[in-house]
Amino acid sequence: MVKKMNPPRLSRQSTRIHRGNLLFLLPTVVLFTIVVLIPFIQGIPYSFTNWKSIVSVDREFNGLNNYKYLLTNKYFLESLGVTFKYTILYMLSANIMGLILALMIHRSSWFNNIARTVLFLPFTVSVTAGAIVWSYVYTDVYTYLTGLVSPLGMPGQIVYGMVIIGAWRDMGYTMLIYIAGLQAVPQDYYEAATVDGASKWQQFWRITIPNIVPAFTTNITLLLAWGLRTFDLPMAVARNAREGQFTAVYVYDSIFSNNKAGLGQAAAIILTVILLILTQGVTRFLRRLEVEA
Amino acid sequence: MKRLSALLLALVMLFTMVACASDEEAPATEAATEAPATEATAQEEEVLSDEPVVIHTIHYMVEGNKSAGLEAIQNAFTEKYPNVTFENSAYSQGTDYFAQLSTAIASGDMPEIMMGNPGLYTDLIDGGYVMDLTGNEVIESLGLTQADMGDVSYNGKWYAFPVDFKTWGVYYNKTIFAELGLEVPTTHAELLEVCQALEDGGYDAWAQWYSDGASVDIEMRPIVWTKAIQNGDNDMFEKLMNNEAKVADYPYFAEGLQLWGERIGDWARADATSNDQSAANEVFLSGQAGMLYQGTWNYGSLEGLKSEDFDYGFFLVPTDDAEGEVMNVQVDQAFMVNPQAENAEWAVKFMEFFLSECMGMWSDYTMQPCITGATTENTTDFLKSILDVKASGNSVGYGEFTVPFTSAYTAAYRKALTAYAVYCCTGVTTDGVNSVETCIEYMQELFDEEYAQANL
Amino acid sequence: MAHTIVSTDNRLALRRNTKKKLSKTAQNLLILVTMIVVLLPFYVAIVYSFRSPSDITVNRLSWPDNPTLINYYNVIFNNDSFLTGYKNSIINTIPTVVILMVFTSMAAWVLARHDTPFYRVMYAILTLGLLIPFQCFELPLYINWYNAGLVSTNIGFIIARAGLQISISLTAITGFIKTVPRDLEDAASIDGCNRFQCFWRVVFPLMTPINVTQLVLNTLFIWNDYSTSIILLRKKESYTLTLAQIVYFNENTSMLNEAFAFFILAMIPILILYLSMQKYIVSGITAGAVKG
């Protein structure tokens with residue numbers, strides 16, 4: 001699985017400084033273990049039971065029944081489908097917008113500084129509050145001006161309505177990471193390229209893009225994960241719509257609202273596994289690009 | 001008729017006063033009889049009362065006036081028993097409340113008082129987290145109907161203190177109606193004529209709020225509840241949830257969908273499917289729409305927001321039945337006591353105090369009709385008329401059903417209704433719903449799914 | 001070197017300049033339009049927040065005829081959770097972001113500089129927090145916190161929120177360190193610095209841009225946190241701003257104008273923070289440090 005890369009040099013170095021490194025890692029590892037890992041592991045056994053209400057202690061082991069049920073269940077698969085649809089559109093739009101904006105305003109000037117502040121503003125707002133404000137933007141602005149139904153009230157468009165909200169909020173974040181990435185690209189690379197007679201376009205593809213691959217890795221993995229875990233947004237503006245039944249909402253409803261804790265836990269594990277596979281795949285792919293660059 | 005209801009009202013008030021008196025006379029013995037688990041005697045209680053007590057309440061009255069009302073009553077109680085203080089946690093009902101309540105219970109964090117109608121919290125009852133209040137003298141002394149008590153009962157036992165009730169109907173803009181020379185409709189056909197007349201007069205017929213599942217639900221109730229009860233199908237929800245009957249077995253759903261669809265008709269606003277309650281209230285109060293189908297729980301908000309010259313009235317949706325319209329009644333605020341909580345007896349004592357001495361205060365704060373019919377000099381005519389109808393007995397209560405829909409079934413039910421509302425408003429078929437029949441099929445499909453999951 | 005090219009053909013350079021100016025204008029115009037669209041929701045919120053409760057108009061976009069501060073007044077003085085919420089949000093946020101900065105920058109440095117299976121597995125585990133849906137371990141987390149007496153306490157919230165934030169921070173910082181050449185560290189260790197000195201004296205200052213950025217971003221996440229707050233903070237005196245906001249954003253609410261006034265008020269400290277930190281984030285320290 002793990003590729004061997006320059007084994008002699010790395011292993012020599014790692015044995016020499018191992019203990020010091022562990023000390024550096026320790027605080028983070030401890031914190032992470034008690035907050036995330038332990039509760040997560042505690043939750044896994046529930047997914048193999050028919051636990052109904054979390055207030056009751058009755059639960060029997062039912063093997064893989066929950067998993068079998070979910071993986072063949074129309075509604076659960078639909079919730080995965082709508083989650084994927086949202087995630088892909090949201091990730092692409094927020095990243096593309098963020099990158100374009102970053103390219104246009106990564107150099108400092110008074111105008112660019114204002115633009116950065118303004119464009120990042122949406123990210124300072126909580127998802128729930130932002131989504132609710134948007135539901136009014138849709139009715140007060142969009143519907144008022146066009147007479148058309150708000151996308152949040154129109155099945156088939158609800159996901160798009162949410163993608164706009166998600167991208168509006170998070171493109172400022174991706175933009176910031178891209179700006180940091182762009183500013184880290186050594187200027188002399190460009191100077192050298194200009195000397196070599198490379199056009200702006202060529203410089204963009206040969207210098208800019210390869211040098212900001214780490215920013216891509218961060219932004220893409222992050223938004224992929226955020227997208228697939230999206231919860232607050234549909235809870236705020238699409239509670240009753242079938243298109244608002246994202247997987248995280250499905251999990252929450254099953255465990256907490258609908259007295260199907262075992263099933264919900266299994267759905268959560270499935271979602272986690274999917275996230276794991278996808279993000280690992282993407283990260284691996286992007287990391288390879290980083291190495292090449 | 002009016003005299004009769006006035007008489008009834010007076011009787012209820014008399015009862016309330018009697019209840020107050022008896023409560024003041026012997027509070028300790030009462031607490032003892034209702035909390036057999038602890039067998040507190042009057043003496044023990046005297047000893048207890050010196051120690052500081054905190055009563056923790058978890059509820060979903062996040063809107064200001066209701067939680068303010070609760071706090072005012074709590075303060076009154078603290079004045080009487082200075083060692084008792086209160087702690088409140090409020091969560092919004094549709095998203096967080098049930099999750100927060102069950103998480104707390106599951107971890108052993110026991111709030112003394114839990115808001116809710118017991119029928120929705122049967123797991124809590126089965127787990128022994130809800131006190132059996134059967135025979136509680138204060139509740140008994142309120143003289144409530146069987147239907148009212150049904151809303152706070154489970155398997156024939158009482159599990160909550162009922163406080164007020166809700167109903168729903170049409171709020172209409174009197175100014176617009178007068179301007180267009182419209183009368184309050186008395187038949188379904190007349191209602192449709194009113195809609196058209198409003199539209200022709202340059203107004204929207206309705207301020208709608210179908211993004212909220214509660215809206216689509218209450219539009220159906222005057223038909224579904226009323227007819228089911230009138231036809232003796234008191235076990236309708238139970239049978240639907242046990243898969244012993246299908247939605248199509250009950251013609252009321254089809255009838256309700258049909259009539260409601262006709263009401264929406266061609267009069268849906270562009271924002272009908274995206275508006276929530278507050279947005280629709282604004283549409284109505286700004287005079288854009290002549291009518292608003294809404295629950296009485298919004299009466300306080302409308303009163304608080306309306307401009308001074310805004311004049312509105314309220315009527316029940318007209319049906320063409322010989323018996324005329326029947327008002328739906330559902331217990332709104334109700335409070336359960338957790339016997340496993342530290343200060344359960346004190347919680348019972350507080351709730352008894354609430355019911356016997358503070359109903360008027362509650363009604364004044366919240367602008368809600370009290371289940372006891374209690375009024376004060378501040379009670380508005382609107383509330384009085386609602387109380388009159390209830391007192392006259394011309395009502396159908398949710399409590400007459402054997403069991404209510406669980407939250408999972410309610411969510412499924414509302415999903416199907418929302419799809420239907422979307423079709424009626426926009427003409428777009430969603431989830432295959434584009435007629436009464438397809439809506440019922442979809443509803444059944446969702447119920448079947450719930451049933452399958454419950455039996456994994 | 002560069003000017004030799006320019007001087008070879010003056011006319012070409014001139015034309016290039018005009019073209020550049022034109023495209024610059026078009027670019028700025030595009031950004032201006034984007035900015036307007038981005039600001040639209042804020043405009044709507046501001047309009048609502050200045051409207052008096054009874055000023056209900058058909059055109060909800062128009063500026064209120066009689067703008068009022070009553071909504072702001074009501075939020076500050078009549079929402080009894082507002083001031084507590086503000087206080088708690090500040091008390092909770094500051095330690096959380098400081099802990100995160102120290103912990104994750106240390107861990108990220110180690111993880112970014114080593115590429116053996118052990119570190120890769122560590123990295124994978126520590127970034128798992130990005131992948132696990134919170135709903136999946138919400139209940140066990142609460143039960144553990146309740147048993148430890150950490151529910152409704154600032155410290156309990158801080159620990160939980162820092163732990164939940166680790167993965168995001170770590171990803172970003174690790175990504176950043178990989179772009180920083182290791183020459184300086186090597187030089188420092190040749191000069192006889194031990195690992196701790198090397199980190200705090202050489203590496204940590206180099207990480208200033210990402211640390212400041214993370215500080216701001218983490219502040220946002222924690223300031224706006226809803227899911228963790230609602231489960232872990234149950235007593236009114238422990239409420240944060242996001243919980244004080246529930247009064248407005250729920251299905252039965254009608255206090256729209258106040259809701260939007262709250263929305264604006266909750267944003268202000270974050271805005272100030274972002275504006276004051278902005279020059280750090282964007283002034284190009286990154287590139288400078290790398291070159292040095």
# chains A, B, ... in the order shown; residues from 1 in each chain; ligands from 1
call {"tool": "closest_atom_pairs", "arguments": {"of": "chain A", "to": "chain C", "cutoff": "6 Å", "atoms": "only C-alpha atoms", "output": "JSON lines"}}
result
{"residue": "A:Phe24", "atom": "CA", "partner": "C:Met106", "partner_atom": "CA", "distance": 5.4}
{"residue": "A:Leu25", "atom": "CA", "partner": "C:Ala107", "partner_atom": "CA", "distance": 4.6}
{"residue": "A:Thr28", "atom": "CA", "partner": "C:Phe103", "partner_atom": "CA", "distance": 5.5}
{"residue": "A:Leu31", "atom": "CA", "partner": "C:Gly163", "partner_atom": "CA", "distance": 5.4}
{"residue": "A:Phe32", "atom": "CA", "partner": "C:Gly163", "partner_atom": "CA", "distance": 4.9}
{"residue": "A:Val35", "atom": "CA", "partner": "C:Gly163", "partner_atom": "CA", "distance": 5.4}
{"residue": "A:Pro39", "atom": "CA", "partner": "C:Pro140", "partner_atom": "CA", "distance": 5.0}
{"residue": "A:Phe40", "atom": "CA", "partner": "C:Phe137", "partner_atom": "CA", "distance": 4.9}
{"residue": "A:Thr124", "atom": "CA", "partner": "C:Leu220", "partner_atom": "CA", "distance": 5.8}
{"residue": "A:Ser126", "atom": "CA", "partner": "C:Asn224", "partner_atom": "CA", "distance": 4.9}
{"residue": "A:Gln183", "atom": "CA", "partner": "C:Ala287", "partner_atom": "CA", "distance": 5.2}
{"residue": "A:Ala184", "atom": "CA", "partner": "C:Ala287", "partner_atom": "CA", "distance": 4.3}
{"residue": "A:Pro214", "atom": "CA", "partner": "C:Gly175", "partner_atom": "CA", "distance": 5.5}
{"residue": "A:Ala225", "atom": "CA", "partner": "C:Leu131", "partner_atom": "CA", "distance": 5.9}
{"residue": "A:Arg229", "atom": "CA", "partner": "C:Pro133", "partner_atom": "CA", "distance": 5.7}
{"residue": "A:Tyr252", "atom": "CA", "partner": "C:Gln135", "partner_atom": "CA", "distance": 5.8}
{"residue": "A:Ala268", "atom": "CA", "partner": "C:Cys136", "partner_atom": "CA", "distance": 5.4}
{"residue": "A:Thr272", "atom": "CA", "partner": "C:Ile132", "partner_atom": "CA", "distance": 5.2}
{"residue": "A:Leu275", "atom": "CA", "partner": "C:Leu131", "partner_atom": "CA", "distance": 5.6}
call {"tool": "write_last_selection", "arguments": {"atoms": "N, CA and C atoms", "output": "PDB file, in the first residue's frame"}}
result
ATOM      1  N   PHE A  24       6.310  16.444  20.463  1.00  0.00           N
ATOM      2  CA  PHE A  24       5.632  17.490  19.692  1.00  0.00           C
ATOM      3  C   PHE A  24       4.213  17.073  19.325  1.00  0.00           C
ATOM      4  N   LEU A  25       4.049  15.776  19.091  1.00  0.00           N
ATOM      5  CA  LEU A  25       2.738  15.291  18.669  1.00  0.00           C
ATOM      6  C   LEU A  25       1.778  15.090  19.841  1.00  0.00           C
ATOM      7  N   THR A  28      -1.525  17.263  20.805  1.00  0.00           N
ATOM      8  CA  THR A  28      -2.550  17.147  19.775  1.00  0.00           C
ATOM      9  C   THR A  28      -3.197  15.768  19.815  1.00  0.00           C
ATOM     10  N   LEU A  31      -5.526  15.324  22.931  1.00  0.00           N
ATOM     11  CA  LEU A  31      -6.747  16.099  22.766  1.00  0.00           C
ATOM     12  C   LEU A  31      -7.676  15.437  21.752  1.00  0.00           C
ATOM     13  N   PHE A  32      -7.097  15.059  20.645  1.00  0.00           N
ATOM     14  CA  PHE A  32      -7.899  14.469  19.582  1.00  0.00           C
ATOM     15  C   PHE A  32      -8.508  13.141  20.030  1.00  0.00           C
ATOM     16  N   VAL A  35     -11.479  13.712  22.490  1.00  0.00           N
ATOM     17  CA  VAL A  35     -12.653  14.408  21.939  1.00  0.00           C
ATOM     18  C   VAL A  35     -13.280  13.653  20.770  1.00  0.00           C
ATOM     19  N   PRO A  39     -14.975   8.778  21.614  1.00  0.00           N
ATOM     20  CA  PRO A  39     -16.428   8.743  21.376  1.00  0.00           C
ATOM     21  C   PRO A  39     -16.799   8.035  20.079  1.00  0.00           C
ATOM     22  N   PHE A  40     -15.979   8.223  19.063  1.00  0.00           N
ATOM     23  CA  PHE A  40     -16.276   7.577  17.782  1.00  0.00           C
ATOM     24  C   PHE A  40     -16.238   6.057  17.941  1.00  0.00           C
ATOM     25  N   THR A 124     -17.619  34.909   7.746  1.00  0.00           N
ATOM     26  CA  THR A 124     -17.681  35.271   9.159  1.00  0.00           C
ATOM     27  C   THR A 124     -19.067  34.989   9.754  1.00  0.00           C
ATOM     28  N   SER A 126     -22.359  32.488  10.575  1.00  0.00           N
ATOM     29  CA  SER A 126     -22.611  31.065  10.770  1.00  0.00           C
ATOM     30  C   SER A 126     -23.490  30.539   9.637  1.00  0.00           C
ATOM     31  N   GLN A 183       1.084  33.717  -2.831  1.00  0.00           N
ATOM     32  CA  GLN A 183       2.133  34.601  -2.326  1.00  0.00           C
ATOM     33  C   GLN A 183       3.381  33.826  -1.943  1.00  0.00           C
ATOM     34  N   ALA A 184       3.224  32.521  -1.765  1.00  0.00           N
ATOM     35  CA  ALA A 184       4.385  31.712  -1.410  1.00  0.00           C
ATOM     36  C   ALA A 184       5.181  31.307  -2.641  1.00  0.00           C
ATOM     37  N   PRO A 214      -0.339  22.445  -3.065  1.00  0.00           N
ATOM     38  CA  PRO A 214      -0.729  22.244  -1.659  1.00  0.00           C
ATOM     39  C   PRO A 214      -2.019  22.984  -1.306  1.00  0.00           C
ATOM     40  N   ALA A 225     -14.880  17.213   2.272  1.00  0.00           N
ATOM     41  CA  ALA A 225     -15.332  16.719   3.579  1.00  0.00           C
ATOM     42  C   ALA A 225     -16.490  17.564   4.103  1.00  0.00           C
ATOM     43  N   ARG A 229     -20.392  16.266   4.728  1.00  0.00           N
ATOM     44  CA  ARG A 229     -20.925  16.282   6.090  1.00  0.00           C
ATOM     45  C   ARG A 229     -21.972  17.368   6.285  1.00  0.00           C
ATOM     46  N   TYR A 252     -28.773  12.083  11.781  1.00  0.00           N
ATOM     47  CA  TYR A 252     -29.282  12.820  12.944  1.00  0.00           C
ATOM     48  C   TYR A 252     -30.731  12.444  13.232  1.00  0.00           C
ATOM     49  N   ALA A 268     -24.105   6.481   9.755  1.00  0.00           N
ATOM     50  CA  ALA A 268     -22.978   7.374  10.014  1.00  0.00           C
ATOM     51  C   ALA A 268     -21.657   6.698   9.671  1.00  0.00           C
ATOM     52  N   THR A 272     -18.908   7.815   6.967  1.00  0.00           N
ATOM     53  CA  THR A 272     -17.509   8.007   7.330  1.00  0.00           C
ATOM     54  C   THR A 272     -16.591   7.237   6.379  1.00  0.00           C
ATOM     55  N   LEU A 275     -16.409   8.914   3.041  1.00  0.00           N
ATOM     56  CA  LEU A 275     -15.571  10.109   3.167  1.00  0.00           C
ATOM     57  C   LEU A 275     -14.100   9.737   3.184  1.00  0.00           C
TER      58      LEU A 275
END
call {"tool": "interface_residues", "arguments": {"of": "chain B", "to": "chain C", "cutoff": "8 Å", "atoms": "only C-alpha atoms", "output": "ChimeraX atom specification"}}
result
/B:62-64,87-89,91-94,100,103,106-107,109,212,276-278,281-283,285-286,288,298,301,305-307
call {"tool": "select_by_dssp", "arguments": {"residues": "region 80-297 of chain B", "states": "alpha helix (DSSP H)", "output": "PyMOL selection string"}}
result
chain B and resi 80+98-106+122-126+137-141+146-150+174-179+188-200+213-230+236-241+251-264+277-285
call {"tool": "interface_residues", "arguments": {"of": "chain A", "to": "chain B", "cutoff": "7 Å", "atoms": "only C-alpha atoms", "output": "list in words"}}
result
Asn50, Ser53, Ile54, Val55, Ser56, Thr139, Thr143, Gly147, Leu148, Val149, Ser150, Leu152, Gly153, Pro155, Asn240, Ala241, Phe256, Ser257 and Asn258 of chain A
call {"tool": "write_last_selection", "arguments": {"atoms": "N, CA and C atoms", "output": "CSV table (one decimal), in the first residue's frame"}}
result
chain,number,residue,atom,x,y,z
A,50,ASN,N,-30.1,-3.4,17.1
A,50,ASN,CA,-31.4,-2.8,16.7
A,50,ASN,C,-31.8,-1.7,17.7
A,53,SER,N,-34.8,3.8,20.7
A,53,SER,CA,-34.7,5.1,21.3
A,53,SER,C,-33.4,5.1,22.2
A,54,ILE,N,-32.7,6.2,22.1
A,54,ILE,CA,-31.5,6.3,22.9
A,54,ILE,C,-31.8,6.4,24.4
A,55,VAL,N,-33.0,6.6,24.8
A,55,VAL,CA,-33.3,6.7,26.2
A,55,VAL,C,-33.5,5.3,26.8
A,56,SER,N,-33.8,4.3,25.9
A,56,SER,CA,-34.0,2.9,26.4
A,56,SER,C,-32.7,2.2,26.4
A,139,THR,N,-36.5,35.2,-1.5
A,139,THR,CA,-37.9,35.7,-1.7
A,139,THR,C,-38.0,37.2,-1.9
A,143,THR,N,-37.4,36.5,-6.0
A,143,THR,CA,-38.8,36.4,-6.4
A,143,THR,C,-39.4,37.7,-6.7
A,147,GLY,N,-40.4,37.3,-10.1
A,147,GLY,CA,-41.6,36.7,-10.0
A,147,GLY,C,-41.5,35.2,-10.0
A,148,LEU,N,-40.3,34.6,-10.0
A,148,LEU,CA,-40.1,33.2,-10.0
A,148,LEU,C,-40.0,32.7,-8.6
A,149,VAL,N,-40.3,31.4,-8.4
A,149,VAL,CA,-40.3,30.8,-7.1
A,149,VAL,C,-38.9,30.7,-6.6
A,150,SER,N,-38.7,31.0,-5.4
A,150,SER,CA,-37.3,30.8,-4.8
A,150,SER,C,-36.8,29.4,-5.0
A,152,LEU,N,-35.3,27.6,-3.1
A,152,LEU,CA,-35.5,26.8,-1.9
A,152,LEU,C,-36.9,26.3,-1.8
A,153,GLY,N,-37.8,26.8,-2.6
A,153,GLY,CA,-39.2,26.4,-2.5
A,153,GLY,C,-39.6,25.5,-3.7
A,155,PRO,N,-38.8,22.2,-5.7
A,155,PRO,CA,-38.1,20.9,-5.8
A,155,PRO,C,-37.4,20.8,-7.2
A,240,ASN,N,-38.1,20.1,5.3
A,240,ASN,CA,-39.2,19.2,4.9
A,240,ASN,C,-39.0,18.6,3.5
A,241,ALA,N,-38.0,19.1,2.8
A,241,ALA,CA,-37.9,18.7,1.4
A,241,ALA,C,-37.1,17.4,1.4
A,256,PHE,N,-31.6,10.6,16.7
A,256,PHE,CA,-32.2,11.5,17.7
A,256,PHE,C,-33.7,11.8,17.5
A,257,SER,N,-34.2,11.8,16.3
A,257,SER,CA,-35.6,12.2,16.2
A,257,SER,C,-36.5,11.0,16.0
A,258,ASN,N,-36.1,10.0,15.3
A,258,ASN,CA,-37.0,8.9,14.9
A,258,ASN,C,-36.8,7.6,15.6
call {"tool": "closest_residue", "arguments": {"among": "C:Ile272, C:Asp80, C:Asn154, C:Tyr86", "to": "Ser67 (chain B)", "atoms": "only C-alpha atoms"}}
result
C:Asp80
call {"tool": "atom_distance", "arguments": {"atom1": "CA of Val54 (chain B)", "atom2": "CA of Ser152 (chain C)"}}
result
15.7 Å
